[in-house]
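Enquirer: Just input-v5.txt, nothing more (compact mmCIF, C-alpha atoms):
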# COMPACT_ATOMS: atom_id res chain seq x y z
CA MET A 1 0.00 0.00 0.00
CA LYS A 2 2.85 2.39 0.79
CA LYS A 3 4.52 1.71 -2.58
CA LEU A 4 1.25 2.30 -4.47
CA SER A 5 0.67 5.55 -2.60
CA ALA A 6 4.20 6.76 -3.45
CA ARG A 7 3.66 6.04 -7.14
CA ARG A 8 0.41 8.04 -7.15
CA ARG A 9 2.22 11.02 -5.68
CA HIS A 10 5.11 10.91 -8.22
CA PRO A 11 5.71 14.42 -9.76
CA LEU A 12 5.59 13.08 -13.34
CA ALA A 13 2.03 11.99 -12.87
CA ALA A 14 0.89 15.62 -12.66
CA VAL A 15 2.75 16.44 -15.90
CA VAL A 16 1.10 13.56 -17.74
CA VAL A 17 -2.34 14.61 -16.52
CA LEU A 18 -1.70 18.22 -17.65
CA LEU A 19 -0.62 17.12 -21.16
CA LEU A 20 -3.72 14.96 -21.51
CA ALA A 21 -5.88 17.90 -20.44
CA LEU A 22 -4.23 20.19 -22.98
CA ALA A 23 -4.75 17.67 -25.76
CA ALA A 24 -8.40 17.26 -24.82
CA THR A 25 -9.10 21.00 -24.83
CA GLY A 26 -7.10 21.83 -27.96
CA GLY A 27 -4.27 23.45 -26.02
CA LEU A 28 -1.60 21.63 -27.99
CA TYR A 29 -3.15 22.85 -31.28
CA THR A 30 -3.09 26.41 -29.99
CA ALA A 31 0.57 26.05 -29.03
CA PHE A 32 1.47 25.00 -32.57
CA ALA A 33 -0.94 27.42 -34.34
CA PRO A 34 1.77 30.01 -35.30
CA ALA A 35 3.57 27.37 -37.35
CA SER A 36 0.32 26.55 -39.17
CA LYS A 37 -0.27 30.25 -39.86
CA ALA A 38 3.23 30.64 -41.28
CA LYS A 39 2.60 27.65 -43.51
CA ALA A 40 -0.66 29.19 -44.70
CA ASP A 41 1.11 32.46 -45.51
CA ASP A 42 3.74 30.59 -47.49
CA SER A 43 1.01 28.77 -49.40
CA ALA A 44 -0.77 32.04 -50.20
CA GLN A 45 2.49 33.61 -51.43
CA SER A 46 3.23 30.56 -53.56
CA LEU A 47 -0.24 30.81 -55.08
CA THR A 48 0.29 34.52 -55.82
CA ILE A 49 3.61 33.77 -57.53
CA GLU A 50 2.02 30.96 -59.54
CA GLU A 51 -0.79 33.23 -60.74
CA GLY A 52 1.77 35.90 -61.58
CA LYS A 53 3.74 33.40 -63.63
CA LYS A 54 0.64 32.59 -65.68
CA LEU A 55 0.06 36.29 -66.39
CA TYR A 56 3.74 36.71 -67.27
CA GLU A 57 3.71 33.84 -69.76
CA VAL A 58 0.76 35.39 -71.60
CA GLY A 59 1.70 39.08 -71.58
CA CYS A 60 5.46 39.37 -71.03
CA ALA A 61 7.39 36.24 -71.99
CA SER A 62 7.43 36.98 -75.72
CA CYS A 63 9.77 39.95 -75.13
CA HIS A 64 11.45 39.20 -71.79
CA GLY A 65 11.94 35.44 -72.18
CA THR A 66 10.19 32.50 -70.57
CA GLY A 67 12.23 32.83 -67.38
CA GLY A 68 12.66 36.60 -67.37
CA GLN A 69 16.23 36.28 -68.67
CA GLY A 70 15.60 38.81 -71.44
CA THR A 71 15.76 38.66 -75.26
CA THR A 72 16.75 40.96 -78.09
CA ASP A 73 13.31 42.57 -77.74
CA GLY A 74 13.34 43.13 -74.00
CA PRO A 75 15.82 43.37 -71.09
CA SER A 76 16.28 40.82 -68.32
CA LEU A 77 13.88 41.15 -65.39
CA VAL A 78 15.98 39.14 -62.96
CA GLY A 79 16.69 41.36 -59.98
CA VAL A 80 14.58 44.38 -61.04
CA GLY A 81 12.28 43.82 -58.07
CA ALA A 82 8.56 44.23 -57.45
CA ALA A 83 8.78 48.05 -57.50
CA ALA A 84 9.86 48.09 -61.15
CA VAL A 85 6.89 45.91 -62.13
CA ASP A 86 4.44 48.01 -60.13
CA PHE A 87 5.73 51.16 -61.85
CA GLN A 88 5.94 49.88 -65.42
CA VAL A 89 2.68 47.94 -65.43
CA GLY A 90 0.87 50.32 -63.06
CA THR A 91 1.48 53.28 -65.41
CA GLY A 92 0.51 51.32 -68.53
CA ARG A 93 4.00 51.42 -70.03
CA MET A 94 4.08 47.64 -69.97
CA PRO A 95 3.15 45.59 -71.85
CA ALA A 96 4.58 47.87 -74.54
CA GLN A 97 2.67 48.41 -77.77
CA GLN A 98 5.91 48.33 -79.77
CA PRO A 99 9.63 48.73 -79.14
CA GLY A 100 11.08 52.20 -79.53
CA ALA A 101 13.33 54.88 -78.10
CA GLN A 102 10.71 55.70 -75.46
CA ILE A 103 7.85 53.62 -74.07
CA PRO A 104 5.00 56.07 -73.41
CA ARG A 105 2.50 56.00 -70.60
CA LYS A 106 -0.89 54.64 -71.60
CA LYS A 107 -4.07 53.12 -70.21
CA VAL A 108 -3.46 50.41 -67.59
CA ILE A 109 -4.78 47.03 -68.73
CA TYR A 110 -4.18 44.99 -65.55
CA SER A 111 -6.00 45.27 -62.24
CA GLN A 112 -3.97 46.09 -59.13
CA ALA A 113 -4.42 42.50 -57.92
CA GLU A 114 -2.93 41.20 -61.18
CA ILE A 115 -0.09 43.72 -60.98
CA ASP A 116 0.67 42.47 -57.45
CA GLN A 117 0.78 38.90 -58.76
CA LEU A 118 3.13 39.83 -61.60
CA ALA A 119 5.32 41.74 -59.16
CA ALA A 120 5.47 38.76 -56.80
CA TYR A 121 6.57 36.47 -59.63
CA ILE A 122 9.29 38.84 -60.88
CA ALA A 123 10.50 39.38 -57.31
CA SER A 124 10.86 35.60 -56.96
CA LEU A 125 13.39 35.59 -59.84
CA GLY A 126 15.88 37.73 -57.93
CA ALA A 127 16.11 40.25 -55.11
CA GLY A 128 15.28 43.86 -56.00
CA PRO A 129 13.48 46.98 -54.71
CA ALA A 130 10.16 46.22 -53.03
CA VAL A 131 6.94 48.16 -53.58
CA PRO A 132 7.05 51.10 -51.13
CA THR A 133 4.48 51.57 -48.38
CA LYS A 134 2.24 54.63 -48.18
CA ASN A 135 4.28 55.92 -45.26
CA GLN A 136 7.37 55.96 -47.48
CA TYR A 137 5.93 58.03 -50.33
CA SER A 138 3.27 60.16 -48.62
CA PRO A 139 4.20 63.88 -48.86
CA GLU A 140 2.71 64.61 -45.44
CA GLY A 141 5.22 66.19 -43.06
CA ALA A 142 7.96 66.44 -45.70
CA ASP A 143 10.21 69.47 -46.29
CA ILE A 144 8.96 71.09 -49.53
CA ALA A 145 11.83 73.60 -49.72
CA LYS A 146 14.43 70.86 -49.34
CA GLY A 147 12.56 68.81 -51.94
CA GLY A 148 12.74 71.70 -54.39
CA GLU A 149 16.48 72.02 -53.84
CA LEU A 150 16.99 68.28 -54.38
CA PHE A 151 14.77 68.24 -57.46
CA ARG A 152 16.55 71.17 -59.11
CA THR A 153 19.91 69.53 -58.40
CA ASN A 154 19.10 65.97 -59.52
CA CYS A 155 16.03 66.04 -61.76
CA ALA A 156 15.40 69.45 -63.37
CA GLN A 157 18.01 68.92 -66.10
CA CYS A 158 15.60 66.47 -67.75
CA HIS A 159 12.17 67.02 -66.21
CA ASN A 160 12.26 70.86 -66.08
CA PHE A 161 12.32 72.69 -62.76
CA THR A 162 8.57 72.18 -62.20
CA GLY A 163 8.36 68.64 -63.61
CA LYS A 164 6.83 69.59 -66.97
CA GLY A 165 9.15 67.21 -68.81
CA GLY A 166 11.52 67.85 -71.69
CA ALA A 167 13.19 66.46 -74.79
CA LEU A 168 16.30 64.28 -74.70
CA THR A 169 18.34 62.81 -77.56
CA HIS A 170 17.46 60.30 -80.32
CA GLY A 171 13.71 60.45 -79.82
CA LYS A 172 13.84 60.07 -76.05
CA TYR A 173 12.20 62.43 -73.59
CA ALA A 174 11.67 62.98 -69.88
CA PRO A 175 7.91 62.69 -69.28
CA SER A 176 5.82 65.24 -67.45
CA LEU A 177 5.34 64.48 -63.76
CA GLU A 178 2.02 66.31 -63.55
CA GLY A 179 -0.63 64.15 -61.91
CA VAL A 180 1.69 61.14 -61.42
CA ASP A 181 0.86 59.02 -58.38
CA PRO A 182 3.37 59.64 -55.53
CA LYS A 183 3.95 55.89 -55.29
CA HIS A 184 5.03 55.74 -58.92
CA ILE A 185 7.36 58.74 -58.47
CA TYR A 186 9.00 56.96 -55.53
CA GLU A 187 9.30 53.72 -57.54
CA ALA A 188 10.84 55.59 -60.48
CA MET A 189 13.50 57.04 -58.20
CA GLN A 190 14.14 53.57 -56.77
CA THR A 191 14.37 51.69 -60.04
CA GLY A 192 15.46 54.21 -62.71
CA PRO A 193 13.09 53.30 -65.57
CA GLN A 194 14.20 53.68 -69.21
CA ASN A 195 16.54 56.72 -69.51
CA MET A 196 16.35 57.75 -65.85
CA PRO A 197 19.15 57.00 -63.36
CA SER A 198 18.21 55.16 -60.18
CA PHE A 199 18.38 56.71 -56.72
CA PRO A 200 18.47 53.87 -54.16
CA ASP A 201 18.38 54.65 -50.45
CA THR A 202 22.18 54.52 -50.35
CA THR A 203 22.27 57.45 -52.82
CA MET A 204 19.12 59.33 -51.83
CA SER A 205 17.49 58.63 -48.48
CA GLU A 206 13.84 57.75 -48.02
CA LYS A 207 13.25 61.16 -46.41
CA ASN A 208 14.79 62.97 -49.38
CA LYS A 209 12.52 61.08 -51.75
CA LYS A 210 9.53 62.15 -49.65
CA ASP A 211 10.75 65.77 -49.83
CA ILE A 212 10.93 65.64 -53.63
CA ILE A 213 7.44 64.14 -53.86
CA ALA A 214 6.13 66.89 -51.57
CA TYR A 215 7.74 69.55 -53.79
CA LEU A 216 6.18 68.11 -56.94
CA HIS A 217 2.83 67.91 -55.20
CA ALA A 218 3.15 71.61 -54.33
CA VAL A 219 4.15 72.85 -57.80
CA ASP A 220 2.64 70.35 -60.23
CA SER A 221 -0.64 68.87 -59.01
CA SER A 222 -4.35 69.61 -59.35
CA GLU A 223 -4.15 71.49 -56.04
CA THR A 224 -1.34 73.81 -57.19
CA THR A 225 -2.15 77.52 -57.31
CA ASN A 226 -0.19 80.09 -59.33
CA PRO A 227 -0.34 83.57 -57.77
CA GLY A 228 1.67 84.98 -60.66
CA GLY A 229 -1.08 84.48 -63.23
CA MET A 230 -0.44 82.90 -66.63
CA GLU A 231 2.49 80.48 -66.35
CA LEU A 232 3.07 79.84 -70.09
CA GLY A 233 3.32 76.12 -69.43
CA GLY A 234 5.97 76.54 -66.74
CA LEU A 235 8.64 75.68 -69.30
CA GLY A 236 11.25 78.08 -67.96
CA PRO A 237 12.79 81.47 -68.78
CA VAL A 238 14.07 80.50 -72.24
CA SER A 239 10.69 79.47 -73.62
CA GLU A 240 8.96 82.34 -71.84
CA GLY A 241 11.50 84.82 -73.23
CA LEU A 242 11.01 83.41 -76.71
CA PHE A 243 7.26 83.83 -76.28
CA ALA A 244 7.77 87.46 -75.28
CA TRP A 245 10.00 88.16 -78.29
CA ILE A 246 7.82 86.47 -80.87
CA PHE A 247 4.38 87.49 -79.67
CA GLY A 248 5.20 90.63 -77.69
CA LEU A 249 7.54 92.21 -80.23
CA GLY A 250 5.37 90.89 -83.06
CA ALA A 251 2.34 92.60 -81.57
CA LEU A 252 4.25 95.89 -81.27
CA ILE A 253 5.35 95.68 -84.93
CA ALA A 254 1.78 94.97 -86.01
CA VAL A 255 0.51 97.99 -84.08
CA ALA A 256 3.24 100.19 -85.60
CA VAL A 257 2.35 99.06 -89.13
CA TRP A 258 -1.33 99.69 -88.46
CA VAL A 259 -0.63 103.21 -87.13
CA ALA A 260 1.61 104.02 -90.11
CA ALA A 261 -1.04 102.79 -92.54
CA ARG A 262 -3.72 104.87 -90.84
CA THR A 263 -1.47 107.94 -90.86
CA ALA A 264 -0.65 107.59 -94.58
CA LYS A 265 -4.31 107.13 -95.39
CA ALA A 266 -5.23 110.24 -93.40
CA LYS A 267 -2.64 112.35 -95.24
CA LYS A 268 -3.92 111.25 -98.64
CA SER A 269 -7.45 112.16 -97.75
Could the structure of this file be written out as structure tokens, please?
Expert:
Amino acid sequence: MKKLSARRRHPLAAVVVLLLALAATGGLYTAFAPASKAKADDSAQSLTIEEGKKLYEVGCASCHGTGGQGTTDGPSLVGVGAAAVDFQVGTGRMPAQQPGAQIPRKKVIYSQAEIDQLAAYIASLGAGPAVPTKNQYSPEGADIAKGGELFRTNCAQCHNFTGKGGALTHGKYAPSLEGVDPKHIYEAMQTGPQNMPSFPDTTMSEKNKKDIIAYLHAVDSSETTNPGGMELGGLGPVSEGLFAWIFGLGALIAVAVWVAARTAKAKKS
């Protein structure tokens, strides 16, 4: 009887009873639930990549190759990252209508969900810039003056000092930034599409990018006001000076000719 009583009081017996209770109430399942959730997330990501691959094979593989390695008609997409896909496809530049010196912006043909799937597939081919979050590209709280200084130093040579765009060489051009989504401006700085150089965080910080976006929002958006009146397209002093010479001086010459003609006619009569 003493031996039986000692066995019943053994410390391991309490542990066994506790484990059985946890199993009965689902406690063990709860303990291992995070692993199941991680597995579910991996499955969802795999499904997104698979759907993106299907879209890629239909709309992109003919130019960029079946594995994104590139062809004579399109560059390699290995390592360009999700941000490049979100920019190019999200602005309608891709799929391109035809090859050329410049791929213009056009109507977007994919939904955002499909763009996300394409981006996930391309990102799986090699590490690259990720799609930025709203907190990264939102102009709220940014330094507009600093953004203007940075823009004039790094961007105005091509895009004009207010982002109106401008001509480059051999049929290329810097597009207007008027009305461009802040996310796409941030992605363009990250990835350097077409003729544009890239500005990764190691070259231009996240805060500086926000400052530039805030500046463009202030000078080149639907909310921009111009207290100076007619801006003549905001193309700069050269174009505005040319306008003044051609139309201003031309108008003065026309008035002078009209006055002289009236004077001569009055003398004859």
Enquirer: Residues within 9 Å of Arg93 in chain A, please, as number ranges by chain. Count all atoms listed in the file; anything in the same chain fewer than 2 positions from it doesn't count.
Expert: A: 87-91, 95-97, 103-108
Enquirer: CA of Glu51 in chain A to CA of Ile122 in chain A: how many Å, to one decimal?
Expert: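 Separation between CA of Glu51 in chain A and CA of Ile122 in chain A: 11.5 Å.
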Enquirer: Compare A:Gly65, A:His159, A:Ser76, A:Lys207 by their minimum atom-to-atom distance to Asp143 in chain A, counting all atoms listed in the file, and give me the closest one.
Expert: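 Under the stated criterion, the closest residue is A:Lys207.
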Enquirer: By how many Å are CA of Phe243 in chain A and CA of Thr162 in chain A apart?
Expert: 18.3 Å
Enquirer: Can you pull out every residue within 9 Å of Ala142 in chain A, counting only C-alpha atoms, but drop anything in the same chain fewer than 6 positions away, and send it as a list in words?
Expert: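 In the requested form, the answer reads Lys207, Asn208, Lys210, Asp211, Ile212, Ile213, Ala214 and Tyr215 of chain A.
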Enquirer: Please dump the current selection as a tab-separated table (two decimals), keeping the file's coordinate frame; keep C-alpha atoms.
Expert:
chain	number	residue	atom	x	y	z
A	207	LYS	CA	13.25	61.16	-46.41
A	208	ASN	CA	14.79	62.97	-49.38
A	210	LYS	CA	9.53	62.15	-49.65
A	211	ASP	CA	10.75	65.77	-49.83
A	212	ILE	CA	10.93	65.64	-53.63
A	213	ILE	CA	7.44	64.14	-53.86
A	214	ALA	CA	6.13	66.89	-51.57
A	215	TYR	CA	7.74	69.55	-53.79
Enquirer: Go through A:Leu168, A:Val259, A:Ala123, A:Ala254 one by one, measure the shortest atom-to-atom distance of each to Gly81 in chain A using all atoms listed in the file, and give the residue with the smallest value.
Expert: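 For Gly81 in chain A, the nearest of the candidates is A:Ala123.
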Enquirer: Every residue with an atom at most 9 Å from (19.2, 39.1, -61.5) (file coordinates; only C-alpha atoms) is what I'm after, so could you write them as an MDAnalysis selection string?
Expert: chainID A and resid 69 76:80 125:128
Enquirer: Counting only C-alpha atoms, find residues at most 10 Å from (-0.2, 40.2, -59.2) (file frame) and give them as a list in words.
Expert: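 Here is the list of nearby residues: Thr48, Ile49, Glu50, Glu51, Gly52, Lys53, Leu55, Tyr56, Ala82, Val85, Asp86, Tyr110, Ser111, Gln112, Ala113, Glu114, Ile115, Asp116, Gln117, Leu118, Ala119, Ala120, Tyr121 and Ile122 of chain A.
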Enquirer: From the set A:Trp258, A:Tyr173, A:Phe247, A:Tyr186, which residue has the shortest atom-to-atom contact distance to Gly100 in chain A, counting all atoms listed in the file?
Expert: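 Of all the options, A:Tyr173 lies closest to Gly100 in chain A.
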